[in-house]
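Presented below is the structure to which this report refers.
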Amino acid sequence: MHVSMEWLKEFVDIKDIDPVRYCDEMTMSGSKVESLEILGEEIENVVVGKIEKIESHPQADKLVICQVDVGKEILQIVTGADNIKEGDKVPVALPGAKLSGGLKIKKTKLRGVESTGMLCSAGELGMKTNLMPKEDTEGIYIFKDDYDIGADAKPLLGLDDIIVEYELTANRPDCHSIIGMARETSATFDRHLLIPVVEIDDNSGSERIEDKLSVEILNKQSCPRYVARMMKVNSMGPSPAWMAKRLLNCGIRPINVIVDVTNYVMLETGQPLHAFDYSKLGSDKIVVRNALKGEKTITLDGNERILDDDALVITNGEKPVAIAGIMGGENSEISEDTQMIVIESANFEKNSVRKTTKKLNFRTDSSTKFEKGIDPELAGFAADRAAQLLLELGACELINGKIDAYANKPKEKEIIIDAKWVNEFIGIGIEPGQMVEYLERLELKSDLNGNTITVTVPTFRQDLEIKEDIAEEIARLYGYNKIPNTVISGTATEGGRSQSQKFENIVKNILVDKNLYEILTYSFTSKNKLMDMNLSEDDSLIKDSIELINPLGEENSLMRTTLLPGMLQVISHNYNRNLPKGAFFEIAVSYKKTDKKNSLPKENKNLSIGMYGNEDFFSMKGIVELILNKARIDMQRVEYIRSSLPLYHPNRSAAVLVEGEEIGCFGEVHPKVCKTYDLPGKTYCGELDFEKIFELSDNDIKFEELPKYPGIQRDLAFLAQEDLPARKIEDAIKSNGGSLLKEVELFDVYQGTQIQSGYKSMAYSLYFQANDRTLTDDEVRKAMDKILEKCKKELGISLRDA
Amino acid sequence: MKEQLIKVKETFVEEIKKADSSDKLEEIRVRVSGKKGALTMLMRDMGKLTKEERPAIGKLANEVREAIEKTMSDQKERIIELEYEKQFEKEKIDITLPGKLSEIGSHHPLNIVIKELSDIFIGLGFTVEEGPEIEWAEYNFDHLNIPKDHPSRDHQDTFYVDDDKVLRTQTSPIQIRTMMKSQTPPIRILAPGRVYRSDEIDATHSPVFHQAEGLVVDEKITMSDLKGTLDLFAKEMFGHGTKTKFRPHQFYFTEPSAEMDVTCFACQGKGCRVCQNTGWIEILGCGMVHPNVLEVCGIDSSKYSGFAFGMGLDRIAMIKYGISDLRLMFENDIRFLKQFR
Ligand SMILES: [Zn+2]
């Protein structure tokens, strides 16, 4: 919302308030100022000059020499413009003047002829040329009114104005007008609000509206009120300069006096108006009804609009002459030879207008206002205000009376508040009388009785409904920043993170310490990205995915069932920027369908890990083990089996099982997937169910006494078949070691020239200990013998050097 | 005898002082006080002395022994030092070579902000709450007092899974869930999380972004408590010199409502590009919880009041670290990430 301060000052006297202070205080009272534009700020020393004489230039065909009267003197000015004639009054930049863009005017010689000053175009003066008619923007600007020679040109061109742009909230449609903002200004600065007095003598004309027009509303829900006035047109010329310049400064193109007045009243009051050509109406009635499904009409902009049956139209009883609140029809458009007009000042319900603008994908200044919601009370005032202006400007003559179809006049609400409650709620201590004063400044009639204030809410404040709304009105005029800052009183609360949130932070910290980068990827994926992971169409990761009704493109059409597509894209991004290595992790949610009716999809927190560059399967497994260790999940409970996920290299991937339950998979990415995702050859990734890991985790630490008796360490190396899994050997050692065997550690795996092919050497370090005595060599030897014997029997392996 | 003792002393003290290794010293010790050492031999001869001679010579002999032993032990220490020096000379290294400690990764800047923020509010007695990202439209809109016809419900603003379920557009549904779950205040929660709006990706917009919302409900919670709490937060988060400014605003789930600005932390309020020369940066929206919202959650609004606030975390991270483009946050380029170590 752009507000001309020059215009606003007509309704509230704030001449003494500096614009910057004005903007600050308006923002602090609730009308946020977005920008402040001082028009003509750069322009200096431009006056009204009269061209006395024009002569041709002796040296140049395209230049002329003008003698210009600027009041105190006659200046000789050379110009290239060809749109001027003797007697024209034009803006003249005197020597020393400043123009738009920082241009400075000096006395100079043009092709040997002295030129003292410059005749200016609208553009050179920084006027809004995009909204002005061509004849005013091409060549030198020529004043239409007879201004005094030598007068300062800036105010005459509307360049003495300040434009304040407000960012208004949706609950305050009443602020979308000059009068609305004047009301807020008056309340903020405690200055009197001067609303124009509009009185039309409805006996002054010679004809009556009732003889010419009737109005019928068939959908009173969507059109609560319809006011019509009629006028006879005297002249359809341009509007006066003062009006045109206010329209321009508020961003509206002046057209002719009738259109300009309807726009002017809309800006001033917030009520959109429309003027029909009475003779083109083709009937003597206006019927407001819903459109027929597929009904067509051509709007003023020349476009054909096809309507739905929930669109509201203004008709002449047969066919539409306007789409209600949006735009008039071409068939009833006023033109230069219009004799009589109908001024429509109607109220259309916001949702009805919004639905239609959305369906037509077509918004206008008028529809924007209606969509915010307009007080129906405004319609009568606005119709009279337009009539008053047209009469004052001599553009029209009155046709007596107005039609006012007004079915449900809104009632004024009453809200009762307790001043003591307001003080307690806001945390302040002001007198009830002071509260009443704030409310009255906002035109909220308030009656004080003891501590009770009865507030009568005017119809233009549809946003005020409950006592908290009134508390806000008091607080904002008191000043939010004058409210003290206090700490929360009352019951103490025990804040903090949950156990799982703490565990999440612990895992993140440990991964960061291990040189992994935490990443953040989008929650969206697509069927293609999932298929590119070498998944088949009936894979549960695809079948269980949730589709969005309105995604941003196919590539974002599914909610991810796995974090891995995002992880692989991050690896690809970095790899393709010649970064030789990287390791990443993300803890985030995956989403899956559930069969349960009336329930939300299953969201599960997962941990994804990815790495490339100098890594192998065991770097990846090391990270997995680190996390399980940190979760204090005993390695005895963990098992690694071949993963069946086709994303991975079949022989270099594993599923992790804890007590038989799968908690995730990891491994080397399948070469096919490396190709589709553009990944380096050796890329490793994995995804674990973070919630399950947390459930399985054990953070119950209990101290165990340190052993009192020394233990004994023994090393042994088995010669084992190449494809015998290490886990089997370890299990065999452990299960046969007896209670004295405390630790088993694999410290070397060797395959090579020293041993026969098809075999590997597996070297273990075993640690024996008893809690109640010092072990003897004999006891340990017996345990070792049993291990060797059983390993030979169960696995067919024996000592390497035996 | 006397002369012999003095001779032994002079010879060996001299020789000990010249010894340059523990081996040499040991060899000298054997020659002085070994079984056949010079001093041992002389002492053995003491028996042959007269009774008169004995005390004086005995005294001298002791002095000689002590002097030799003293010299010996001094020289021993000197030699140990010397040997260390030799060893150290051999073990010289280039201490400017890089250390062996492995490299370290980094937390994502957004999560750094979430952690800092959470820590501040935990200190004020808040718990950290989470909730579903695919949420009932009813929780995301209706219960938050958002009108049925509000444009934010449109398909062009909100992602829908079906007619009833949306990708939450704010973390406020967590507040609703918390209030519904525990209808007996006090409630103090912070709900950080991922939210969605149907915006195309550019330097300042993303369909996926992050918010943190807070909620306090108890008896006699006032707007001045809201101001005090958030002012405290701002000083913790952005530095102790930070000032706050509250401007009236409008939200559906709060009444009265406000927006909070903080003094620009790039220029300390002097005005710069970051704050568009205003000296202030808009940080969050807040207000007193609307009684309709309390009632819908089963909390008696005549007994309890509360305040709520919400802020965009991506924006805070961007301003805090001077990140120029929101897309960098989701691109995860190592060169970006490693700056947050
Ligand atoms: Zn700044």
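A note on labels: chains of the structure tokens are A, B, ... as shown, every chain counts residues from 1, and ligands are counted from 1 in their shown order.
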Around ligand 1, at most 10 Å away and counting only C-alpha atoms and all ligand atoms, which residues are there? Put them as a compact mmCIF listing (two decimals) with N, CA and C atoms, in the first residue's frame, please.
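This went into pocket_33.txt:
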# COMPACT_ATOMS: atom_id res chain seq x y z
N THR B 263 19.31 -5.82 17.09
CA THR B 263 20.31 -4.95 16.49
C THR B 263 21.21 -5.82 15.61
N CYS B 264 21.50 -5.30 14.43
CA CYS B 264 22.25 -6.05 13.43
C CYS B 264 23.60 -6.48 14.01
N PHE B 265 23.88 -7.82 13.94
CA PHE B 265 25.14 -8.27 14.52
C PHE B 265 26.31 -8.13 13.57
N ALA B 266 26.00 -7.73 12.33
CA ALA B 266 27.11 -7.47 11.40
C ALA B 266 27.68 -6.08 11.66
N CYS B 267 26.82 -5.13 12.02
CA CYS B 267 27.30 -3.75 12.17
C CYS B 267 27.01 -3.18 13.56
N GLN B 268 26.51 -4.00 14.46
CA GLN B 268 26.14 -3.55 15.81
C GLN B 268 25.15 -2.38 15.78
N GLY B 269 24.29 -2.39 14.77
CA GLY B 269 23.24 -1.39 14.75
C GLY B 269 23.59 -0.09 14.05
N LYS B 270 24.80 -0.04 13.48
CA LYS B 270 25.18 1.20 12.82
C LYS B 270 24.56 1.31 11.42
N GLY B 271 24.17 0.18 10.87
CA GLY B 271 23.60 0.19 9.52
C GLY B 271 24.59 -0.36 8.51
N CYS B 272 24.21 -1.40 7.79
CA CYS B 272 25.10 -1.99 6.80
C CYS B 272 24.26 -2.71 5.75
N ARG B 273 24.92 -3.46 4.86
CA ARG B 273 24.20 -4.13 3.79
C ARG B 273 23.29 -5.24 4.33
N VAL B 274 23.81 -5.95 5.33
CA VAL B 274 23.05 -7.07 5.91
C VAL B 274 21.68 -6.60 6.42
N CYS B 275 21.66 -5.44 7.07
CA CYS B 275 20.41 -4.96 7.68
C CYS B 275 19.75 -3.90 6.80
N GLN B 276 20.18 -3.80 5.57
CA GLN B 276 19.65 -2.79 4.64
C GLN B 276 19.67 -1.39 5.26
N ASN B 277 20.77 -1.12 5.97
CA ASN B 277 21.00 0.19 6.57
C ASN B 277 20.03 0.61 7.66
N THR B 278 19.27 -0.36 8.18
CA THR B 278 18.33 0.02 9.23
C THR B 278 18.94 -0.19 10.61
N GLY B 279 20.01 -0.99 10.68
CA GLY B 279 20.59 -1.30 11.98
C GLY B 279 19.86 -2.42 12.70
N TRP B 280 18.74 -2.87 12.12
CA TRP B 280 17.92 -3.91 12.77
C TRP B 280 17.72 -5.09 11.84
N ILE B 281 17.59 -6.26 12.41
CA ILE B 281 17.28 -7.46 11.64
C ILE B 281 16.06 -8.13 12.24
Can you list every residue of chain A that has an atom at most 7 Å from chain B, with its nearest atom pair and the distance in Å to one decimal, using only C-alpha atoms, ordered by chain then number, as JSON lines?
{"residue": "A:Thr27", "atom": "CA", "partner": "B:Arg247", "partner_atom": "CA", "distance": 6.8}
{"residue": "A:Met28", "atom": "CA", "partner": "B:Arg247", "partner_atom": "CA", "distance": 5.2}
{"residue": "A:Ser29", "atom": "CA", "partner": "B:Pro248", "partner_atom": "CA", "distance": 6.5}
{"residue": "A:Gly30", "atom": "CA", "partner": "B:Pro248", "partner_atom": "CA", "distance": 4.6}
{"residue": "A:Thr169", "atom": "CA", "partner": "B:Gln250", "partner_atom": "CA", "distance": 6.2}
{"residue": "A:Glu424", "atom": "CA", "partner": "B:Thr222", "partner_atom": "CA", "distance": 6.8}
{"residue": "A:Phe425", "atom": "CA", "partner": "B:Thr222", "partner_atom": "CA", "distance": 4.9}
{"residue": "A:Ile426", "atom": "CA", "partner": "B:Met223", "partner_atom": "CA", "distance": 4.6}
{"residue": "A:Gly427", "atom": "CA", "partner": "B:Ser224", "partner_atom": "CA", "distance": 5.1}
{"residue": "A:Glu468", "atom": "CA", "partner": "B:Glu255", "partner_atom": "CA", "distance": 5.9}
{"residue": "A:Asp469", "atom": "CA", "partner": "B:Glu255", "partner_atom": "CA", "distance": 6.3}
{"residue": "A:Glu472", "atom": "CA", "partner": "B:Pro256", "partner_atom": "CA", "distance": 4.8}
{"residue": "A:Arg476", "atom": "CA", "partner": "B:Pro248", "partner_atom": "CA", "distance": 6.4}
{"residue": "A:Tyr480", "atom": "CA", "partner": "B:Phe246", "partner_atom": "CA", "distance": 6.0}
{"residue": "A:Asn481", "atom": "CA", "partner": "B:Phe246", "partner_atom": "CA", "distance": 6.1}
{"residue": "A:Ile483", "atom": "CA", "partner": "B:Ser224", "partner_atom": "CA", "distance": 5.9}
{"residue": "A:Pro484", "atom": "CA", "partner": "B:Ser224", "partner_atom": "CA", "distance": 5.5}
{"residue": "A:Asn485", "atom": "CA", "partner": "B:Gly228", "partner_atom": "CA", "distance": 3.8}
{"residue": "A:Thr486", "atom": "CA", "partner": "B:Gly228", "partner_atom": "CA", "distance": 4.5}
{"residue": "A:Val487", "atom": "CA", "partner": "B:Asp225", "partner_atom": "CA", "distance": 5.3}
{"residue": "A:Ile488", "atom": "CA", "partner": "B:Asp225", "partner_atom": "CA", "distance": 5.3}
{"residue": "A:Thr491", "atom": "CA", "partner": "B:Pro186", "partner_atom": "CA", "distance": 6.7}
{"residue": "A:Thr493", "atom": "CA", "partner": "B:Gly125", "partner_atom": "CA", "distance": 5.2}
{"residue": "A:Glu494", "atom": "CA", "partner": "B:Gly125", "partner_atom": "CA", "distance": 5.2}
{"residue": "A:Gly495", "atom": "CA", "partner": "B:Gly125", "partner_atom": "CA", "distance": 3.9}
{"residue": "A:Gly496", "atom": "CA", "partner": "B:Thr127", "partner_atom": "CA", "distance": 4.7}
{"residue": "A:Arg497", "atom": "CA", "partner": "B:Val128", "partner_atom": "CA", "distance": 5.6}
{"residue": "A:Val512", "atom": "CA", "partner": "B:Gly105", "partner_atom": "CA", "distance": 4.5}
{"residue": "A:Asp513", "atom": "CA", "partner": "B:Ile104", "partner_atom": "CA", "distance": 5.1}
{"residue": "A:Lys514", "atom": "CA", "partner": "B:Ile104", "partner_atom": "CA", "distance": 6.0}
{"residue": "A:Asn515", "atom": "CA", "partner": "B:Gly105", "partner_atom": "CA", "distance": 3.9}
{"residue": "A:Leu516", "atom": "CA", "partner": "B:Gly105", "partner_atom": "CA", "distance": 4.5}
{"residue": "A:Tyr517", "atom": "CA", "partner": "B:Gly105", "partner_atom": "CA", "distance": 4.7}
{"residue": "A:Glu518", "atom": "CA", "partner": "B:His107", "partner_atom": "CA", "distance": 5.0}
{"residue": "A:Ile519", "atom": "CA", "partner": "B:Asn332", "partner_atom": "CA", "distance": 5.8}
{"residue": "A:Leu520", "atom": "CA", "partner": "B:Phe330", "partner_atom": "CA", "distance": 5.7}
{"residue": "A:Thr521", "atom": "CA", "partner": "B:Phe330", "partner_atom": "CA", "distance": 5.5}
{"residue": "A:Tyr522", "atom": "CA", "partner": "B:Val208", "partner_atom": "CA", "distance": 6.5}
{"residue": "A:Glu547", "atom": "CA", "partner": "B:Val161", "partner_atom": "CA", "distance": 6.4}
{"residue": "A:Leu548", "atom": "CA", "partner": "B:Val161", "partner_atom": "CA", "distance": 4.8}
{"residue": "A:Ile549", "atom": "CA", "partner": "B:Tyr160", "partner_atom": "CA", "distance": 5.5}
{"residue": "A:Asn550", "atom": "CA", "partner": "B:Phe159", "partner_atom": "CA", "distance": 5.9}
{"residue": "A:Pro551", "atom": "CA", "partner": "B:Phe159", "partner_atom": "CA", "distance": 6.8}
{"residue": "A:Val570", "atom": "CA", "partner": "B:Asn332", "partner_atom": "CA", "distance": 6.3}
{"residue": "A:Asn574", "atom": "CA", "partner": "B:Asp333", "partner_atom": "CA", "distance": 5.9}
{"residue": "A:Leu600", "atom": "CA", "partner": "B:Glu135", "partner_atom": "CA", "distance": 6.9}
{"residue": "A:Glu603", "atom": "CA", "partner": "B:Pro132", "partner_atom": "CA", "distance": 6.9}
Review point. Neighbours of Leu393 (chain A) within 9 Å (only C-alpha atoms; same-chain residues fewer than 3 positions away dropped), as a ChimeraX atom specification?
Key: /A:239-240,257,388-390,396
Exercise for review: Name the residues in contact with region 307-324 of chain B at a cut-off of 6 Å, using only C-alpha atoms, excluding same-chain residues fewer than 2 positions from it; report them as an MDAnalysis selection string.
Suggested key: chainID B and resid 110 210:216 284:289
Selected residues written out with C-alpha atoms, as a PDB file, in the first residue's frame:
ATOM      1  CA  LEU B 110      22.053 -25.302  10.516  1.00  0.00           C
ATOM      2  CA  HIS B 210      13.789 -25.126   9.198  1.00  0.00           C
ATOM      3  CA  GLN B 211      12.010 -23.405  12.014  1.00  0.00           C
ATOM      4  CA  ALA B 212      12.059 -23.384  15.756  1.00  0.00           C
ATOM      5  CA  GLU B 213       8.964 -22.531  17.671  1.00  0.00           C
ATOM      6  CA  GLY B 214       8.594 -22.092  21.377  1.00  0.00           C
ATOM      7  CA  LEU B 215       5.636 -22.251  23.693  1.00  0.00           C
ATOM      8  CA  VAL B 216       5.130 -21.325  27.323  1.00  0.00           C
ATOM      9  CA  LEU B 284      11.082 -13.812  14.880  1.00  0.00           C
ATOM     10  CA  GLY B 285       7.346 -13.594  15.221  1.00  0.00           C
ATOM     11  CA  CYS B 286       5.706 -14.005  18.602  1.00  0.00           C
ATOM     12  CA  GLY B 287       2.665 -13.288  20.674  1.00  0.00           C
ATOM     13  CA  MET B 288       0.301 -14.332  23.425  1.00  0.00           C
ATOM     14  CA  VAL B 289      -1.323 -17.682  22.588  1.00  0.00           C
TER      15      VAL B 289
END
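Across the structure, CA of Thr561 (chain A) and CA of Leu688 (chain A) are spaced 12.5 Å apart.
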Exercise for review: Find the residues near region 591-597 of chain A: any atom within 7 Å, counting only C-alpha atoms, skip ones fewer than 5 places away on the same chain, and give them as a count of residues only.
Suggested key: 9
**Study point:** Within 10 Å of region 77-93 of chain B using only C-alpha atoms, minus same-chain residues under 3 positions, as a ChimeraX atom specification
**Key:** /B:17,19-22,25,72-74,96-97
Limited to C-alpha atoms, could you put the picked residues into a file as a PDB file, in the first residue's frame?
ATOM      1  CA  LYS B  17      87.470 -35.537  35.722  1.00  0.00           C
ATOM      2  CA  ALA B  19      86.398 -39.617  32.049  1.00  0.00           C
ATOM      3  CA  ASP B  20      83.728 -39.202  29.336  1.00  0.00           C
ATOM      4  CA  SER B  21      81.617 -42.323  29.696  1.00  0.00           C
ATOM      5  CA  SER B  22      80.099 -44.458  32.408  1.00  0.00           C
ATOM      6  CA  LEU B  25      84.331 -44.229  35.048  1.00  0.00           C
ATOM      7  CA  MET B  72      83.379 -39.758  40.978  1.00  0.00           C
ATOM      8  CA  SER B  73      79.706 -39.049  41.710  1.00  0.00           C
ATOM      9  CA  ASP B  74      79.919 -35.503  40.336  1.00  0.00           C
ATOM     10  CA  THR B  96      57.229 -28.023  12.005  1.00  0.00           C
ATOM     11  CA  LEU B  97      56.119 -31.230  10.265  1.00  0.00           C
TER      12      LEU B  97
END
